[in-house]
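Source file: upload-v9.cif. Holds: mmCIF, C-alpha atoms.
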data_target
loop_
_atom_site.label_atom_id
_atom_site.label_comp_id
_atom_site.auth_asym_id
_atom_site.auth_seq_id
_atom_site.Cartn_x
_atom_site.Cartn_y
_atom_site.Cartn_z
CA MET J 1 -26.54 28.65 14.39
CA PRO J 2 -27.70 25.80 12.07
CA VAL J 3 -26.79 22.26 13.10
CA ASP J 4 -24.70 21.66 9.98
CA GLU J 5 -22.70 24.80 10.60
CA ARG J 6 -22.09 23.86 14.24
CA LEU J 7 -20.94 20.39 13.21
CA GLY J 8 -18.65 21.83 10.57
CA ARG J 9 -17.11 24.24 13.04
CA ALA J 10 -16.64 21.47 15.60
CA ARG J 11 -14.91 19.35 12.97
CA LEU J 12 -12.55 22.18 12.05
CA ASP J 13 -11.82 22.72 15.76
CA ALA J 14 -10.93 19.02 16.07
CA VAL J 15 -8.68 19.29 13.02
CA HIS J 16 -7.02 22.32 14.59
CA ARG J 17 -6.58 20.58 17.97
CA ASP J 18 -4.97 17.44 16.57
CA GLY J 19 -3.00 19.47 14.05
CA LEU J 20 -1.54 21.55 16.87
CA ALA J 21 -0.68 18.35 18.74
CA LEU J 22 1.30 17.15 15.73
CA VAL J 23 2.94 20.55 15.34
CA LEU J 24 3.83 20.46 19.05
CA SER J 25 5.34 17.05 18.47
CA SER J 26 7.41 18.40 15.60
CA GLY J 27 8.46 21.41 17.65
CA LEU J 28 9.52 19.41 20.68
CA THR J 29 11.39 16.79 18.71
CA SER J 30 13.02 19.44 16.53
CA ALA J 31 14.20 21.37 19.58
CA VAL J 32 15.59 18.27 21.26
CA GLY J 33 16.83 17.06 17.89
CA LEU J 34 18.74 20.31 17.52
CA LEU J 35 20.44 19.59 20.83
CA TYR J 36 21.15 16.05 19.61
CA TRP J 37 22.99 17.27 16.53
CA VAL J 38 24.80 20.00 18.48
CA LEU J 39 26.17 17.28 20.75
CA ALA J 40 26.97 15.04 17.79
CA ALA J 41 28.84 17.87 16.06
CA ARG J 42 30.81 18.57 19.23
CA LEU J 43 31.56 14.92 20.05
CA PHE J 44 32.51 13.69 16.59
CA ALA J 45 34.56 15.01 13.67
CA PRO J 46 32.63 16.52 10.73
CA THR J 47 33.53 13.58 8.49
CA VAL J 48 32.08 11.12 11.04
CA VAL J 49 28.94 13.24 11.41
CA GLY J 50 28.67 13.42 7.63
CA VAL J 51 28.86 9.66 7.07
CA ASN J 52 26.44 8.90 9.92
CA SER J 53 23.93 11.55 8.86
CA VAL J 54 23.95 10.25 5.28
CA ALA J 55 23.52 6.68 6.54
CA LEU J 56 20.47 7.80 8.53
CA SER J 57 19.05 9.80 5.62
CA THR J 58 19.53 6.82 3.32
CA MET J 59 17.87 4.51 5.83
CA MET J 60 14.91 6.91 6.06
CA LEU J 61 14.71 7.05 2.28
CA LEU J 62 14.69 3.26 2.01
CA GLY J 63 12.12 2.99 4.80
CA GLY J 64 10.00 5.61 3.05
CA LEU J 65 10.17 3.71 -0.22
CA ALA J 66 9.43 0.39 1.46
CA HIS J 67 6.34 1.51 3.34
CA LEU J 68 4.64 1.92 -0.06
CA ASN J 69 2.92 5.03 1.28
CA LEU J 70 0.67 2.82 3.40
CA THR J 71 1.12 5.56 6.00
CA GLN J 72 -1.40 7.60 4.05
CA ALA J 73 -3.64 4.55 3.65
CA LEU J 74 -3.75 4.19 7.45
CA LEU J 75 -4.47 7.89 7.82
CA ARG J 76 -7.18 7.84 5.16
CA PHE J 77 -8.93 4.51 5.91
CA VAL J 78 -8.43 3.78 9.64
CA PRO J 79 -10.98 6.47 10.63
CA VAL J 80 -13.65 4.65 8.59
CA ALA J 81 -12.53 1.02 8.95
CA GLY J 82 -14.65 0.13 11.99
CA PRO J 83 -14.23 -3.54 12.99
CA ARG J 84 -11.75 -4.08 10.15
CA THR J 85 -9.18 -1.78 11.76
CA ARG J 86 -7.00 -4.50 13.31
CA ARG J 87 -6.79 -6.44 10.07
CA LEU J 88 -5.91 -3.32 8.11
CA VAL J 89 -3.19 -2.32 10.59
CA LEU J 90 -1.58 -5.75 10.87
CA THR J 91 -1.62 -6.26 7.11
CA CYS J 92 0.05 -2.90 6.51
CA TYR J 93 2.65 -3.50 9.23
CA GLY J 94 3.48 -7.01 7.99
CA VAL J 95 3.88 -6.01 4.35
CA VAL J 96 5.97 -2.95 5.16
CA ALA J 97 8.29 -4.58 7.72
CA THR J 98 9.08 -7.48 5.40
CA LEU J 99 9.71 -5.32 2.36
CA ALA J 100 11.76 -2.78 4.34
CA ALA J 101 14.06 -5.49 5.70
CA LEU J 102 14.67 -6.81 2.18
CA VAL J 103 15.25 -3.34 0.73
CA GLY J 104 17.62 -2.37 3.54
CA LEU J 105 19.59 -5.58 3.22
CA GLY J 106 19.76 -5.21 -0.55
CA TYR J 107 21.12 -1.69 -0.27
CA ALA J 108 23.77 -2.75 2.25
CA VAL J 109 24.90 -5.66 0.07
CA GLY J 110 25.61 -3.23 -2.77
CA ALA J 111 27.04 -0.49 -0.56
CA PRO J 112 30.68 -1.12 -1.63
CA ARG J 113 29.64 -0.02 -5.12
CA TRP J 114 27.41 3.01 -4.40
CA ALA J 115 28.42 4.05 -0.87
CA PRO J 116 32.06 3.09 -0.32
CA GLU J 117 32.52 5.92 2.20
CA MET J 118 30.06 4.22 4.56
CA VAL J 119 31.77 0.84 4.20
CA ASP J 120 35.19 2.37 4.84
CA ALA J 121 33.91 4.20 7.92
CA VAL J 122 32.18 1.36 9.80
CA GLY J 123 32.85 -1.89 7.92
CA ARG J 124 30.61 -4.05 5.78
CA GLY J 125 29.26 -6.29 8.58
CA PRO J 126 27.98 -3.48 10.82
CA LEU J 127 26.54 -1.74 7.77
CA LEU J 128 24.59 -4.86 6.78
CA LEU J 129 23.24 -5.19 10.31
CA PHE J 130 22.32 -1.51 10.49
CA PHE J 131 20.29 -1.40 7.28
CA ALA J 132 18.64 -4.78 7.77
CA VAL J 133 17.41 -3.84 11.25
CA ALA J 134 17.01 -0.06 11.10
CA THR J 135 15.04 0.14 7.85
CA PRO J 136 12.01 -1.93 8.94
CA LEU J 137 12.08 -0.34 12.39
CA TRP J 138 12.01 3.14 10.88
CA ALA J 139 9.25 2.22 8.44
CA VAL J 140 7.02 1.01 11.29
CA PHE J 141 8.00 3.99 13.45
CA THR J 142 6.85 6.31 10.67
CA MET J 143 3.59 4.42 10.20
CA GLN J 144 2.63 4.49 13.86
CA ASP J 145 2.39 8.30 13.94
CA TYR J 146 -0.12 8.15 11.08
CA LEU J 147 -1.95 5.34 12.83
CA LEU J 148 -2.19 7.37 16.03
CA THR J 149 -3.59 10.30 14.08
CA GLY J 150 -6.06 8.09 12.25
CA LEU J 151 -7.23 6.69 15.59
CA LYS J 152 -7.77 10.26 16.87
CA ARG J 153 -4.90 9.80 19.34
CA ALA J 154 -2.69 12.55 17.90
CA ALA J 155 -2.11 13.91 21.42
CA VAL J 156 0.09 10.87 22.08
CA VAL J 157 2.43 11.69 19.19
CA PRO J 158 4.34 14.49 21.02
CA VAL J 159 4.92 12.21 24.03
CA GLU J 160 6.13 9.37 21.82
CA ASN J 161 8.47 11.54 19.76
CA LEU J 162 9.83 13.36 22.80
CA ALA J 163 10.68 10.02 24.40
CA PHE J 164 12.42 9.00 21.17
CA ALA J 165 14.43 12.25 21.08
CA LEU J 166 15.54 12.00 24.73
CA LEU J 167 16.55 8.36 24.34
CA LYS J 168 18.70 9.31 21.35
CA ILE J 169 20.54 11.97 23.34
CA ALA J 170 21.23 9.62 26.24
CA LEU J 171 22.57 6.91 23.94
CA LEU J 172 24.57 9.44 21.94
CA GLY J 173 26.34 10.47 25.13
CA VAL J 174 27.31 6.86 25.77
CA ALA J 175 28.55 6.47 22.19
CA GLY J 176 30.56 9.68 22.43
CA TRP J 177 32.12 8.60 25.72
CA TYR J 178 33.36 5.36 24.16
CA ALA J 179 34.20 7.04 20.81
CA VAL J 180 32.10 4.64 18.75
CA VAL J 181 32.38 5.68 15.09
CA GLY J 182 28.89 4.44 14.27
CA GLY J 183 27.48 5.65 17.58
CA ILE J 184 25.24 8.29 16.02
CA ALA J 185 23.44 5.73 13.88
CA ALA J 186 23.39 3.17 16.71
CA SER J 187 21.73 5.62 19.13
CA TRP J 188 19.03 6.21 16.52
CA VAL J 189 18.32 2.52 15.94
CA VAL J 190 18.12 1.47 19.59
CA SER J 191 15.83 4.40 20.44
CA THR J 192 13.56 3.57 17.51
CA ALA J 193 13.29 -0.06 18.58
CA LEU J 194 12.31 0.81 22.15
CA VAL J 195 9.65 3.33 21.10
CA VAL J 196 8.19 1.06 18.39
CA LEU J 197 7.85 -1.80 20.84
CA GLY J 198 6.25 0.27 23.59
CA VAL J 199 3.79 2.20 21.42
CA ASN J 200 2.61 -0.71 19.31
CA VAL J 201 2.03 -3.04 22.25
CA TRP J 202 -0.33 -0.38 23.62
CA LEU J 203 -1.96 0.30 20.26
CA LEU J 204 -2.55 -3.28 19.19
CA LEU J 205 -3.57 -4.65 22.58
CA ARG J 206 -5.76 -1.78 23.74
CA VAL J 207 -6.53 1.11 21.39
CA VAL J 208 -7.30 -0.79 18.17
CA PRO J 209 -9.54 -3.40 19.90
CA GLU J 210 -11.46 -0.57 21.62
CA LYS J 211 -12.08 1.13 18.29
CA ALA J 212 -13.14 -2.13 16.63
CA SER J 213 -15.53 -2.95 19.48
CA ARG J 214 -17.32 0.38 19.04
CA GLY J 215 -18.18 -0.70 15.50
CA GLY J 216 -20.46 1.70 13.74
CA ALA J 217 -21.17 2.18 10.11
CA ILE J 218 -18.27 2.04 7.71
CA ALA J 219 -18.37 5.29 5.78
CA VAL J 220 -16.01 3.99 3.07
CA PRO J 221 -15.81 0.20 2.60
CA VAL J 222 -12.19 -0.78 3.16
CA ARG J 223 -11.52 -3.20 0.33
CA PHE J 224 -8.29 -4.06 -1.39
CA ALA J 225 -9.08 -2.38 -4.73
CA PRO J 226 -9.80 1.19 -3.48
CA VAL J 227 -6.93 1.05 -0.98
CA ALA J 228 -4.53 -0.20 -3.68
CA ARG J 229 -5.68 2.49 -6.10
CA PHE J 230 -5.20 5.21 -3.50
CA VAL J 231 -1.78 3.92 -2.42
CA ARG J 232 -0.55 3.38 -5.99
CA SER J 233 -1.20 6.95 -7.08
CA ASP J 234 -0.05 8.57 -3.84
CA TYR J 235 3.05 6.39 -3.75
CA ALA J 236 4.37 7.62 -7.09
CA GLY J 237 4.47 11.25 -6.00
CA ALA J 238 5.56 10.41 -2.46
CA THR J 239 8.46 8.28 -3.69
CA LEU J 240 9.87 11.12 -5.75
CA TRP J 241 9.39 13.43 -2.79
CA GLN J 242 11.32 11.03 -0.55
CA LEU J 243 14.14 10.95 -3.09
CA ALA J 244 14.43 14.74 -2.90
CA VAL J 245 14.16 14.95 0.90
CA ASN J 246 16.26 11.95 1.95
CA GLY J 247 18.20 11.24 -1.22
CA LEU J 248 19.89 14.62 -1.61
CA PRO J 249 22.25 14.08 1.38
CA ALA J 250 23.71 11.03 -0.38
CA LEU J 251 24.11 13.08 -3.55
CA VAL J 252 25.90 15.79 -1.57
CA LEU J 253 28.21 13.17 -0.05
CA ALA J 254 29.06 11.76 -3.46
CA ARG J 255 29.66 15.13 -5.16
CA LEU J 256 30.98 17.37 -2.37
CA GLY J 257 32.40 15.02 0.29
CA ALA J 258 31.66 14.03 3.88
CA ALA J 259 32.42 17.42 5.46
CA GLU J 260 29.93 19.23 3.22
CA ALA J 261 27.41 16.43 3.71
CA ALA J 262 27.65 17.01 7.46
CA VAL J 263 26.79 20.69 7.01
CA TYR J 264 23.91 19.98 4.66
CA GLY J 265 22.60 17.35 7.06
CA ILE J 266 22.42 19.91 9.85
CA VAL J 267 20.88 22.56 7.59
CA TRP J 268 18.21 20.18 6.34
CA THR J 269 17.43 18.88 9.83
CA ILE J 270 16.67 22.43 10.96
CA THR J 271 14.67 23.17 7.81
CA MET J 272 12.58 20.04 8.19
CA ALA J 273 11.27 21.39 11.49
CA LEU J 274 9.48 24.04 9.42
CA TYR J 275 8.35 21.60 6.73
CA LEU J 276 6.79 19.40 9.40
CA VAL J 277 4.36 22.12 10.51
CA PRO J 278 2.03 21.91 7.47
CA SER J 279 2.69 18.19 7.34
CA GLY J 280 1.29 17.71 10.85
CA ILE J 281 -1.71 19.96 10.28
CA GLY J 282 -2.31 18.19 6.97
CA GLN J 283 -2.29 14.76 8.62
CA SER J 284 -4.93 15.94 11.08
CA MET J 285 -6.98 17.39 8.25
CA VAL J 286 -6.97 14.08 6.36
CA ALA J 287 -7.92 12.07 9.45
CA HIS J 288 -10.81 14.35 10.43
CA THR J 289 -12.28 14.94 6.97
CA ALA J 290 -11.83 11.44 5.54
CA ASP J 291 -15.52 10.65 6.08
CA ASP J 292 -16.72 14.03 4.70
CA PRO J 293 -14.60 15.09 1.69
CA VAL J 294 -16.97 17.96 0.88
CA ARG J 295 -15.49 19.94 3.77
CA ALA J 296 -11.90 19.39 2.60
CA ASP J 297 -11.65 22.74 0.82
CA ALA J 298 -12.58 24.71 3.95
CA ALA J 299 -10.19 22.58 5.97
CA ARG J 300 -7.41 23.26 3.45
CA ARG J 301 -7.87 27.03 3.69
CA ALA J 302 -7.77 26.82 7.49
CA MET J 303 -4.64 24.67 7.22
CA VAL J 304 -2.88 27.31 5.11
CA ARG J 305 -3.76 30.13 7.51
CA ARG J 306 -2.68 28.28 10.61
CA SER J 307 0.50 26.93 9.03
CA LEU J 308 1.63 30.32 7.75
CA VAL J 309 1.10 31.91 11.16
CA LEU J 310 3.67 29.48 12.54
CA VAL J 311 6.01 28.97 9.58
CA ALA J 312 6.47 32.48 8.18
CA PRO J 313 7.88 34.19 11.31
CA ALA J 314 10.01 31.16 12.20
CA ALA J 315 11.47 31.05 8.68
CA ALA J 316 12.24 34.77 8.78
CA VAL J 317 14.01 34.44 12.14
CA LEU J 318 16.05 31.47 10.93
CA ALA J 319 17.00 33.23 7.71
CA ALA J 320 18.17 36.31 9.59
CA GLY J 321 19.97 34.37 12.30
CA ALA J 322 21.40 31.51 10.26
CA TYR J 323 25.03 32.14 11.25
CA PRO J 324 24.54 32.22 15.04
CA VAL J 325 22.21 29.20 14.87
CA LEU J 326 24.80 27.14 13.02
CA TRP J 327 27.60 28.45 15.22
CA LEU J 328 26.09 26.30 17.99
CA PHE J 329 27.29 23.29 16.01
CA GLY J 330 30.77 24.69 15.40
CA GLU J 331 32.61 27.22 13.24
CA HIS J 332 32.79 24.81 10.32
CA TYR J 333 29.00 24.59 10.12
CA ALA J 334 28.46 28.34 10.49
CA GLU J 335 31.01 29.27 7.84
CA ARG J 336 29.89 26.69 5.29
CA GLY J 337 26.13 26.58 5.83
CA SER J 338 24.73 30.00 6.74
CA TRP J 339 23.48 30.94 3.29
CA ALA J 340 22.13 27.46 2.76
CA LEU J 341 20.12 27.58 5.98
CA ALA J 342 18.72 31.03 5.17
CA LEU J 343 17.52 29.95 1.72
CA ALA J 344 16.22 26.56 2.84
CA ALA J 345 14.28 28.10 5.74
CA LEU J 346 12.57 30.58 3.41
CA SER J 347 11.53 27.70 1.12
CA ALA J 348 9.24 26.46 3.91
CA ILE J 349 6.88 29.42 3.36
CA PRO J 350 5.71 28.50 -0.18
CA GLN J 351 5.83 24.82 0.78
CA VAL J 352 2.75 25.45 2.94
CA ILE J 353 0.73 25.93 -0.26
CA THR J 354 1.95 22.75 -1.95
CA ALA J 355 1.45 20.71 1.24
CA SER J 356 -2.13 21.95 1.60
CA VAL J 357 -3.02 21.02 -1.98
CA VAL J 358 -1.63 17.51 -1.50
CA ALA J 359 -3.51 17.07 1.79
CA GLN J 360 -6.81 18.05 0.18
CA ALA J 361 -6.14 15.71 -2.73
CA ARG J 362 -5.64 12.82 -0.29
CA VAL J 363 -9.00 13.46 1.34
CA GLN J 364 -10.82 13.69 -1.98
CA GLN J 365 -8.70 10.94 -3.59
CA ARG J 366 -7.67 13.14 -6.53
CA MET J 367 -5.03 10.77 -7.79
CA ARG J 368 -3.43 12.80 -10.56
CA VAL J 369 -2.79 15.68 -8.18
CA LEU J 370 -1.10 13.30 -5.74
CA VAL J 371 1.30 12.26 -8.48
CA VAL J 372 1.95 15.56 -10.25
CA VAL J 373 2.40 18.08 -7.42
CA PRO J 374 4.95 16.31 -5.17
CA GLY J 375 6.48 14.41 -8.08
CA ALA J 376 7.14 17.43 -10.29
CA THR J 377 8.41 19.42 -7.31
CA ALA J 378 10.86 16.68 -6.35
CA VAL J 379 12.17 16.14 -9.89
CA ALA J 380 12.68 19.88 -10.32
CA VAL J 381 14.57 20.15 -6.99
CA LEU J 382 16.83 17.20 -7.82
CA THR J 383 17.60 18.52 -11.29
CA CYS J 384 18.24 22.06 -10.10
CA ALA J 385 20.43 20.86 -7.22
CA TRP J 386 22.47 18.67 -9.57
CA LEU J 387 23.17 21.68 -11.80
CA LEU J 388 23.85 24.20 -9.04
CA MET J 389 25.90 22.01 -6.70
CA PRO J 390 29.25 22.27 -8.55
CA PRO J 391 29.38 26.10 -8.68
CA LEU J 392 27.52 26.90 -5.44
CA GLY J 393 27.97 23.85 -3.20
CA ILE J 394 25.23 23.20 -0.64
CA THR J 395 24.02 26.78 -1.09
CA GLY J 396 22.95 25.70 -4.57
CA VAL J 397 20.93 22.83 -3.08
CA ALA J 398 19.12 25.19 -0.72
CA LEU J 399 18.53 27.68 -3.54
CA SER J 400 16.96 24.85 -5.54
CA TRP J 401 14.45 24.21 -2.76
CA LEU J 402 13.51 27.89 -2.55
CA LEU J 403 13.15 28.46 -6.30
CA VAL J 404 11.15 25.30 -6.98
CA GLN J 405 8.83 25.71 -3.99
CA ALA J 406 8.17 29.35 -4.87
CA ILE J 407 7.40 28.56 -8.51
CA THR J 408 5.15 25.62 -7.61
CA ALA J 409 3.21 27.60 -5.01
CA THR J 410 2.77 30.52 -7.44
CA PHE J 411 1.40 28.17 -10.09
CA LEU J 412 -1.07 26.61 -7.65
CA ILE J 413 -2.29 30.01 -6.48
CA LEU J 414 -2.74 31.31 -10.02
CA ARG J 415 -4.32 28.06 -11.20
CA PRO J 416 -6.68 27.05 -8.36
CA SER J 417 -8.53 24.68 -10.72
CA PHE J 418 -5.35 22.57 -10.84
CA ASP J 419 -6.29 20.86 -7.55
CA ARG J 420 -9.68 19.91 -8.96
CA ASP J 421 -8.10 17.30 -11.23
CA GLU J 422 -8.38 19.58 -14.28
CA LEU J 423 -4.97 18.54 -15.52
CA PRO J 424 -3.88 18.39 -19.13
#
Take the structure I supplied and represent it as structure tokens, if you would.
Amino acid sequence: MPVDERLGRARLDAVHRDGLALVLSSGLTSAVGLLYWVLAARLFAPTVVGVNSVALSTMMLLGGLAHLNLTQALLRFVPVAGPRTRRLVLTCYGVVATLAALVGLGYAVGAPRWAPEMVDAVGRGPLLLFFAVATPLWAVFTMQDYLLTGLKRAAVVPVENLAFALLKIALLGVAGWYAVVGGIAASWVVSTALVVLGVNVWLLLRVVPEKASRGGAIAVPVRFAPVARFVRSDYAGATLWQLAVNGLPALVLARLGAAEAAVYGIVWTITMALYLVPSGIGQSMVAHTADDPVRADAARRAMVRRSLVLVAPAAAVLAAGAYPVLWLFGEHYAERGSWALALAALSAIPQVITASVVAQARVQQRMRVLVVVPGATAVAVLTCAWLLMPPLGITGVALSWLLVQAITATFLILRPSFDRDELP
């Protein structure tokens, strides 16, 4: 076998190994997370679960907006940064933590106007404290998974996320015992803080210095201009995507009420376990092909095959067994959310195609693709959900995800040149 072919196969094997580690992380945390929300649904009333789940989704949305998509910058440039790794990491962390704190505080200050249900449930003071502290913590927590992957330490991600999930359950039990209304959100914040502290002490004091000391040639010079250009384009599409993923629960709360928001929160939490499969494999693909974009197309095809092997049967099982799965959370969830879960789970199958196109575009820095594919998908989902929510409730939201993902994936399959930047 030629040397180049052996190297290419070894690279794809490394992508597969780290991708599976990230998928394992998603699987473990989703399984334990399912138990977390089962306990939350049993310990607290649906209205309390609804308000807390929307608060968490909103916090994740704000954290996602505030990190400026520097997660992808870490994933794309850390593998080739060499001795500049520490500076890159600390700069990204500092910018994101500061901005996230300001964004979270700003949202909480205006909460009486756009989220009065949250203020009524927990009070303005606790809400200010929650968003000011939780938003930067979550932004850094999100970034560290990408940093671990970029440092070729993806095998640590399942351990980290499992620890986070178990801490949440333990703290949720304490909150339920004392009947703390904001206990769901509080368990999340404290667990995040402990994991962020532990992981980043290890990363910044040991792993990053070791990588910097190895030196080596810098495949892509890490300067402000190319990083800013990459982040700017990727951020536009990613921001709209975050609005669809983490903004819809707030829209459901405003239009359908806290009880329906609780059901949608559970449905979307389960669905996200499927969406995270191609996301994890895609992160590994970006990290391992960042220094050789020519191989990105082969890596993308492998990503699609491996993702579908995992996602398609799981989606089918969830769609068929939606009622008994949601019954674990209570009769209210099963009665109100079964159709929504079935439709949302099936939407994860075409999402594999869109996720693979975006991952390849990140490797090859095809900026227009990074804007158009996730951005158009998100806008279409939000618009469709807005129109279908009044007549169909949360089933209409799930149907929006399925229709838009299926149409987008069909377009990308029929127009393969689209992901070569041949846009109108």
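Residues matched by the PyMOL selection byres ((chain J and resi 319) around 9) in this file are Ala314, Ala315, Ala316, Val317, Leu318, Ala320, Gly321, Ala322, Tyr323, Ser338, Trp339, Leu341, Ala342, Leu343, Ala344, Ala345 and Leu346 of chain J.
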Please identify every residue of region 254-291 of chain J that has at least one atom no farther than 8 Å from an atom of region 139-162 of chain J, counting only C-alpha atoms, and for each give the shortest atom pair and the distance in Å to one decimal, arranged by chain then increasing number, as CSV.
residue,atom,partner,partner_atom,distance
J:Gln283,CA,J:Thr149,CA,7.2
J:Ser284,CA,J:Thr149,CA,6.5
J:Ala287,CA,J:Gly150,CA,5.2
Neighbouring residues of Ala359 (chain J) were defined as those with any atom within 6 Å, considering only C-alpha atoms; residues of the same chain fewer than 3 positions away were excluded. Please report them as a short mmCIF file (atom, residue, chain, number, x, y, z; two decimals) with C-alpha atoms, keeping the file's coordinate frame.
data_model
loop_
_atom_site.label_atom_id
_atom_site.label_comp_id
_atom_site.auth_asym_id
_atom_site.auth_seq_id
_atom_site.Cartn_x
_atom_site.Cartn_y
_atom_site.Cartn_z
CA GLY J 282 -2.31 18.19 6.97
CA SER J 356 -2.13 21.95 1.60
CA ARG J 362 -5.64 12.82 -0.29
#
Check: What does the distance between CA of Ile407 (chain J) and CA of Trp241 (chain J) come to in Å, to one decimal place?
Finding: 16.3 Å
Next item on the list: Evaluate the PyMOL selection byres ((chain J and resi 99) around 12) and record the selected residues as JSON, numbers by chain, following the chain and residue labels used in the document.
Entry: {"J": [62, 63, 64, 65, 66, 67, 68, 92, 93, 94, 95, 96, 97, 98, 100, 101, 102, 103, 104, 105, 106, 132, 133, 135, 136, 137, 139, 140]}
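Once Ala115 (chain J) and its same-chain neighbours fewer than 3 positions away are set aside, J:Val51, J:Val54, J:Ala55, J:Tyr107, J:Ala108, J:Gly110, J:Ala111, J:Pro112, J:Met118, J:Val119, J:Asp120, J:Ala250, J:Leu253, J:Ala254 remain within 10 Å of it when counting all atoms listed in the file.
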Selection file, C-alpha atoms, as a PDB file, keeping the file's coordinate frame:
ATOM      1  CA  VAL J  51      28.860   9.660   7.070  1.00  0.00           C
ATOM      2  CA  VAL J  54      23.950  10.250   5.280  1.00  0.00           C
ATOM      3  CA  ALA J  55      23.520   6.680   6.540  1.00  0.00           C
ATOM      4  CA  TYR J 107      21.120  -1.690  -0.270  1.00  0.00           C
ATOM      5  CA  ALA J 108      23.770  -2.750   2.250  1.00  0.00           C
ATOM      6  CA  GLY J 110      25.610  -3.230  -2.770  1.00  0.00           C
ATOM      7  CA  ALA J 111      27.040  -0.490  -0.560  1.00  0.00           C
ATOM      8  CA  PRO J 112      30.680  -1.120  -1.630  1.00  0.00           C
ATOM      9  CA  MET J 118      30.060   4.220   4.560  1.00  0.00           C
ATOM     10  CA  VAL J 119      31.770   0.840   4.200  1.00  0.00           C
ATOM     11  CA  ASP J 120      35.190   2.370   4.840  1.00  0.00           C
ATOM     12  CA  ALA J 250      23.710  11.030  -0.380  1.00  0.00           C
ATOM     13  CA  LEU J 253      28.210  13.170  -0.050  1.00  0.00           C
ATOM     14  CA  ALA J 254      29.060  11.760  -3.460  1.00  0.00           C
TER      15      ALA J 254
END
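Between Ala41 (chain J) and the residues J:Ile266, J:Glu335, J:Arg113, J:Val180, the shortest atom-to-atom distance, using only C-alpha atoms, involves J:Ile266.
Closest approach to Ser187 (chain J) among J:Leu326, J:Met59, J:Asn52, J:Val352 is made by J:Asn52 (distances from all atoms listed in the file).
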Next item on the list: Carefully work through the PyMOL selection byres ((chain J and resi 350) around 7) for this structure and note down the residues it includes, as a ChimeraX atom specification.
Entry: /J:347-349,351-353,405-406,409
Item checked: Distance query 8 Å from (1.3, 5.4, 1.0) using only C-alpha atoms, result as a list in words -> His67, Leu68, Asn69, Leu70, Thr71, Gln72, Ala73, Phe230, Val231, Arg232, Asp234, Tyr235 and Ala238 of chain J
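Of the listed residues J:Ala236, J:Val109, J:Val181, J:Val174, the one whose atoms come nearest to Val49 (chain J) is J:Val181, with distances taken using only C-alpha atoms.
What separates CA of Arg42 (chain J) from CA of Ala121 (chain J) is a distance of 18.5 Å.
The gap separating CA of Pro116 (chain J) from CA of Ile169 (chain J) is 27.8 Å, in Å to one decimal.
With all atoms listed in the file as the atoms that count, the residue of J:Phe131, J:Val122, J:Phe44, J:Val80 with the shortest distance to Ala179 (chain J) is J:Phe44.
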Margin query: Which residues are near Leu240 (chain J)? Cut-off 8 Å, all atoms listed in the file, ignore same chain within fewer than 3 positions. Put them as JSON, numbers by chain.
Written below: {"J": [236, 237, 243, 244, 374, 375, 378, 379]}
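Nearest to Ala31 (chain J) of all the residues J:Val263, J:Val207, J:Leu166, J:Leu308 is J:Leu166, based on all atoms listed in the file.
Minimum atom-to-atom distance to Asp297 (chain J), evaluated using all atoms listed in the file, belongs to J:Ala361 out of J:Ala340, J:Ala193, J:Ala361, J:Ala334.
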Next item on the list: Might you pull out every residue within 12 Å of Arg301 (chain J), with only C-alpha atoms counted and same-chain residues fewer than 2 positions away left off, and present them as a ChimeraX atom specification?
Entry: /J:12,16,278,281-282,285,295-299,303-308,352-353,355-357,359-360,413
